[in-house]
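Notes for the one structure printed next.
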Amino acid sequence: MPLAAFDFTGGRLMHGDIDHPLDAFTRQAAADYIQLRHSRWPHTRNPHLFLSSQTAHSGTPVTIGWMHPLLKDLPVTAQRLREDRILEEAAVTGADPQHLCAVFNITPDTGLRYTRTFHPDPLADRDQEDTP
């Protein structure tokens, strides 16, 4: 996520087609991390929010491998957190599968799977009624 995506004055996260309000917790966590980032690497030109000792001196983003140690003591995996964010996004945006595909870079089939939690497939009920 590029630093430029955070609009702290307006309280929004804006990146490409994504334009979401920042809740108070996320806003504070991002602000705290930016302060830490600046204190550790005050002269970095890396445009990404998260940095490591390797990426601070380049323009590249951190990798997934960088995040695994951060999550190792949590009772949740990075995949579970992602799934939770997709479901939360579906809940607050009316469960639009196209929106989920654009925001999370998932396939249409995956987007539909997440929205079925909110809009079950009406044909599935009919199939069960036809079964003896």
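Residues are named by chain letter and number: chains run A, B, ... in the order of the structure tokens, numbers start at 1 in each chain, and ligands are numbered from 1 in the order shown.
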inquiry  = DSSP on the backbone, strand (DSSP E) only: what residues of chain A does that give? Format it as a ChimeraX atom specification.
reply    = /A:6-7,12-15,18-21
ask   = Contacts of segment 6-17 of chain A at 9 Å or less, counting only C-alpha atoms, minus same-chain residues fewer than 6 places along, as a list in words?
value = Asp23, Ala24, Arg27, Ala30, Ala31, Ala102 and Val103 of chain A
Please, could you write that set of residues out with N, CA and C atoms as a short mmCIF file (atom, residue, chain, number, x, y, z; two decimals), in the first residue's frame?
data_model
loop_
_atom_site.label_atom_id
_atom_site.label_comp_id
_atom_site.auth_asym_id
_atom_site.auth_seq_id
_atom_site.Cartn_x
_atom_site.Cartn_y
_atom_site.Cartn_z
N ASP A 23 -11.44 3.82 9.64
CA ASP A 23 -11.98 3.80 10.99
C ASP A 23 -10.90 4.31 11.94
N ALA A 24 -11.30 4.67 13.15
CA ALA A 24 -10.37 5.29 14.11
C ALA A 24 -9.18 4.39 14.41
N ARG A 27 -6.82 4.22 11.33
CA ARG A 27 -6.21 5.54 11.16
C ARG A 27 -5.06 5.72 12.16
N ALA A 30 -2.08 3.25 11.40
CA ALA A 30 -1.28 3.71 10.25
C ALA A 30 -0.43 4.91 10.65
N ALA A 31 -1.02 5.85 11.39
CA ALA A 31 -0.26 7.03 11.82
C ALA A 31 0.90 6.62 12.73
N ALA A 102 -12.75 -6.36 -7.64
CA ALA A 102 -11.90 -5.20 -7.91
C ALA A 102 -11.04 -4.84 -6.71
N VAL A 103 -11.62 -4.87 -5.53
CA VAL A 103 -10.90 -4.44 -4.33
C VAL A 103 -9.86 -5.46 -3.89
#
query = Could you pull the residues within 12 Å of Pro97 of chain A, counting only C-alpha atoms, minus those fewer than 6 positions along the same chain, as a list in words?
reply =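 Result of the neighbour search: Ile86, Leu87, Glu89, Ala90, Ala91, Val103, Phe104, Asn105, Ile106, Thr107, Pro108, Asp109, Thr110, Gly111, Leu112, Arg113, Tyr114, Thr115, Arg116, Thr117, Phe118 and His119 of chain A.
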Using the selection just defined, write its residues with N, CA, C and O atoms as a PDB file, in the first residue's frame.
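Listed below is the output, part-v4.pdb:
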ATOM      1  N   ILE A  86     -12.564  -9.577   3.518  1.00  0.00           N
ATOM      2  CA  ILE A  86     -13.443  -9.705   2.352  1.00  0.00           C
ATOM      3  C   ILE A  86     -14.896  -9.807   2.802  1.00  0.00           C
ATOM      4  O   ILE A  86     -15.785  -9.145   2.248  1.00  0.00           O
ATOM      5  N   LEU A  87     -15.147 -10.615   3.826  1.00  0.00           N
ATOM      6  CA  LEU A  87     -16.523 -10.737   4.333  1.00  0.00           C
ATOM      7  C   LEU A  87     -17.024  -9.415   4.908  1.00  0.00           C
ATOM      8  O   LEU A  87     -18.180  -9.040   4.698  1.00  0.00           O
ATOM      9  N   GLU A  89     -16.058  -6.413   4.010  1.00  0.00           N
ATOM     10  CA  GLU A  89     -16.295  -5.531   2.870  1.00  0.00           C
ATOM     11  C   GLU A  89     -17.611  -5.888   2.188  1.00  0.00           C
ATOM     12  O   GLU A  89     -18.382  -5.017   1.808  1.00  0.00           O
ATOM     13  N   ALA A  90     -17.874  -7.174   2.042  1.00  0.00           N
ATOM     14  CA  ALA A  90     -19.143  -7.613   1.449  1.00  0.00           C
ATOM     15  C   ALA A  90     -20.312  -7.132   2.293  1.00  0.00           C
ATOM     16  O   ALA A  90     -21.325  -6.660   1.765  1.00  0.00           O
ATOM     17  N   ALA A  91     -20.193  -7.225   3.599  1.00  0.00           N
ATOM     18  CA  ALA A  91     -21.286  -6.837   4.499  1.00  0.00           C
ATOM     19  C   ALA A  91     -21.598  -5.345   4.407  1.00  0.00           C
ATOM     20  O   ALA A  91     -22.761  -4.952   4.416  1.00  0.00           O
ATOM     21  N   VAL A 103     -11.621  -4.875  -5.526  1.00  0.00           N
ATOM     22  CA  VAL A 103     -10.896  -4.443  -4.328  1.00  0.00           C
ATOM     23  C   VAL A 103      -9.856  -5.465  -3.890  1.00  0.00           C
ATOM     24  O   VAL A 103      -8.745  -5.108  -3.498  1.00  0.00           O
ATOM     25  N   PHE A 104     -10.198  -6.760  -3.973  1.00  0.00           N
ATOM     26  CA  PHE A 104      -9.313  -7.794  -3.434  1.00  0.00           C
ATOM     27  C   PHE A 104      -8.593  -8.615  -4.493  1.00  0.00           C
ATOM     28  O   PHE A 104      -7.901  -9.568  -4.167  1.00  0.00           O
ATOM     29  N   ASN A 105      -8.791  -8.260  -5.769  1.00  0.00           N
ATOM     30  CA  ASN A 105      -8.134  -8.976  -6.862  1.00  0.00           C
ATOM     31  C   ASN A 105      -8.420 -10.473  -6.788  1.00  0.00           C
ATOM     32  O   ASN A 105      -7.513 -11.300  -6.793  1.00  0.00           O
ATOM     33  N   ILE A 106      -9.704 -10.797  -6.684  1.00  0.00           N
ATOM     34  CA  ILE A 106     -10.135 -12.196  -6.648  1.00  0.00           C
ATOM     35  C   ILE A 106     -10.926 -12.507  -7.912  1.00  0.00           C
ATOM     36  O   ILE A 106     -11.375 -11.600  -8.606  1.00  0.00           O
ATOM     37  N   THR A 107     -11.089 -13.773  -8.200  1.00  0.00           N
ATOM     38  CA  THR A 107     -11.813 -14.177  -9.407  1.00  0.00           C
ATOM     39  C   THR A 107     -13.317 -13.987  -9.202  1.00  0.00           C
ATOM     40  O   THR A 107     -13.796 -13.934  -8.062  1.00  0.00           O
ATOM     41  N   PRO A 108     -14.079 -13.914 -10.290  1.00  0.00           N
ATOM     42  CA  PRO A 108     -15.531 -13.801 -10.154  1.00  0.00           C
ATOM     43  C   PRO A 108     -16.144 -14.957  -9.360  1.00  0.00           C
ATOM     44  O   PRO A 108     -17.042 -14.738  -8.543  1.00  0.00           O
ATOM     45  N   ASP A 109     -15.664 -16.184  -9.555  1.00  0.00           N
ATOM     46  CA  ASP A 109     -16.194 -17.312  -8.786  1.00  0.00           C
ATOM     47  C   ASP A 109     -15.960 -17.133  -7.288  1.00  0.00           C
ATOM     48  O   ASP A 109     -16.839 -17.409  -6.477  1.00  0.00           O
ATOM     49  N   THR A 110     -14.793 -16.648  -6.939  1.00  0.00           N
ATOM     50  CA  THR A 110     -14.489 -16.404  -5.532  1.00  0.00           C
ATOM     51  C   THR A 110     -15.361 -15.279  -4.983  1.00  0.00           C
ATOM     52  O   THR A 110     -15.892 -15.375  -3.873  1.00  0.00           O
ATOM     53  N   GLY A 111     -15.534 -14.219  -5.760  1.00  0.00           N
ATOM     54  CA  GLY A 111     -16.409 -13.118  -5.343  1.00  0.00           C
ATOM     55  C   GLY A 111     -17.824 -13.599  -5.086  1.00  0.00           C
ATOM     56  O   GLY A 111     -18.463 -13.223  -4.100  1.00  0.00           O
ATOM     57  N   LEU A 112     -18.321 -14.467  -5.938  1.00  0.00           N
ATOM     58  CA  LEU A 112     -19.672 -15.024  -5.751  1.00  0.00           C
ATOM     59  C   LEU A 112     -19.751 -15.895  -4.506  1.00  0.00           C
ATOM     60  O   LEU A 112     -20.753 -15.875  -3.789  1.00  0.00           O
ATOM     61  N   ARG A 113     -18.697 -16.657  -4.238  1.00  0.00           N
ATOM     62  CA  ARG A 113     -18.692 -17.491  -3.025  1.00  0.00           C
ATOM     63  C   ARG A 113     -18.834 -16.639  -1.769  1.00  0.00           C
ATOM     64  O   ARG A 113     -19.571 -16.981  -0.857  1.00  0.00           O
ATOM     65  N   TYR A 114     -18.133 -15.519  -1.734  1.00  0.00           N
ATOM     66  CA  TYR A 114     -18.227 -14.636  -0.561  1.00  0.00           C
ATOM     67  C   TYR A 114     -19.603 -13.979  -0.455  1.00  0.00           C
ATOM     68  O   TYR A 114     -20.096 -13.773   0.640  1.00  0.00           O
ATOM     69  N   THR A 115     -20.207 -13.651  -1.569  1.00  0.00           N
ATOM     70  CA  THR A 115     -21.515 -12.980  -1.499  1.00  0.00           C
ATOM     71  C   THR A 115     -22.649 -13.946  -1.199  1.00  0.00           C
ATOM     72  O   THR A 115     -23.698 -13.515  -0.750  1.00  0.00           O
ATOM     73  N   ARG A 116     -22.452 -15.228  -1.408  1.00  0.00           N
ATOM     74  CA  ARG A 116     -23.515 -16.197  -1.089  1.00  0.00           C
ATOM     75  C   ARG A 116     -23.819 -16.240   0.405  1.00  0.00           C
ATOM     76  O   ARG A 116     -24.894 -16.651   0.805  1.00  0.00           O
ATOM     77  N   THR A 117     -22.889 -15.795   1.221  1.00  0.00           N
ATOM     78  CA  THR A 117     -23.138 -15.687   2.657  1.00  0.00           C
ATOM     79  C   THR A 117     -24.299 -14.718   2.900  1.00  0.00           C
ATOM     80  O   THR A 117     -25.103 -14.914   3.795  1.00  0.00           O
ATOM     81  N   PHE A 118     -24.410 -13.696   2.055  1.00  0.00           N
ATOM     82  CA  PHE A 118     -25.416 -12.658   2.233  1.00  0.00           C
ATOM     83  C   PHE A 118     -26.616 -12.847   1.313  1.00  0.00           C
ATOM     84  O   PHE A 118     -27.713 -12.416   1.640  1.00  0.00           O
ATOM     85  N   HIS A 119     -26.391 -13.479   0.170  1.00  0.00           N
ATOM     86  CA  HIS A 119     -27.453 -13.735  -0.811  1.00  0.00           C
ATOM     87  C   HIS A 119     -27.363 -15.187  -1.251  1.00  0.00           C
ATOM     88  O   HIS A 119     -26.757 -15.496  -2.270  1.00  0.00           O
TER      89      HIS A 119
END
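Between atom CA of His57 of chain A and atom CA of Gln79 of chain A lies a distance of 28.4 Å.
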request  = Can you pull out every residue within 10 Å of Val62 of chain A, counting only C-alpha atoms, but drop anything in the same chain fewer than 5 positions away, and send it as a ChimeraX atom specification?
outcome  = /A:1,48-56,67
For the selection just defined, write its residues with C-alpha atoms to a file, as an mmCIF file, in the first residue's frame.
data_model
loop_
_atom_site.group_PDB
_atom_site.id
_atom_site.type_symbol
_atom_site.label_atom_id
_atom_site.label_comp_id
_atom_site.auth_asym_id
_atom_site.auth_seq_id
_atom_site.Cartn_x
_atom_site.Cartn_y
_atom_site.Cartn_z
ATOM 1 C CA MET A 1 0.000 0.000 0.000
ATOM 2 C CA HIS A 48 5.164 2.002 0.386
ATOM 3 C CA LEU A 49 3.684 2.090 3.863
ATOM 4 C CA PHE A 50 5.487 -0.973 5.213
ATOM 5 C CA LEU A 51 9.260 -1.162 5.063
ATOM 6 C CA SER A 52 11.929 -3.602 6.103
ATOM 7 C CA SER A 53 15.656 -3.073 6.508
ATOM 8 C CA GLN A 54 16.040 -4.319 2.917
ATOM 9 C CA THR A 55 13.197 -2.387 1.266
ATOM 10 C CA ALA A 56 13.869 0.904 3.067
ATOM 11 C CA MET A 67 4.545 -10.426 7.402
#
Between atom CA of Arg37 of chain A and atom CA of Ala5 of chain A - distance in Å to one decimal =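 According to the coordinates, atom CA of Ala5 of chain A and atom CA of Arg37 of chain A are separated by 15.9 Å.
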request  = Give me every alpha helix (DSSP H) residue in segment 9-99 of chain A, going by DSSP on the backbone, as an MDAnalysis selection string.
outcome  = chainID A and resid 24:40 64:71 78:92 97:99
request  = Provide the atom CA of Pro47 of chain A to atom CA of Ala4 of chain A distance in Å, to one decimal place.
outcome  =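 Distance between the two atoms: 7.5 Å.
Here the question is which of A:Leu36, A:Leu3, A:Ile18, A:Leu71 gets nearest to Leu100 of chain A using only C-alpha atoms, and that residue is A:Ile18.
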Selected residue, from A:Pro2, A:Val76, A:Gln28, A:Asp84, that lies nearest to Gly59 of chain A when counting only C-alpha atoms =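 Under the stated criterion, the closest residue is A:Pro2.
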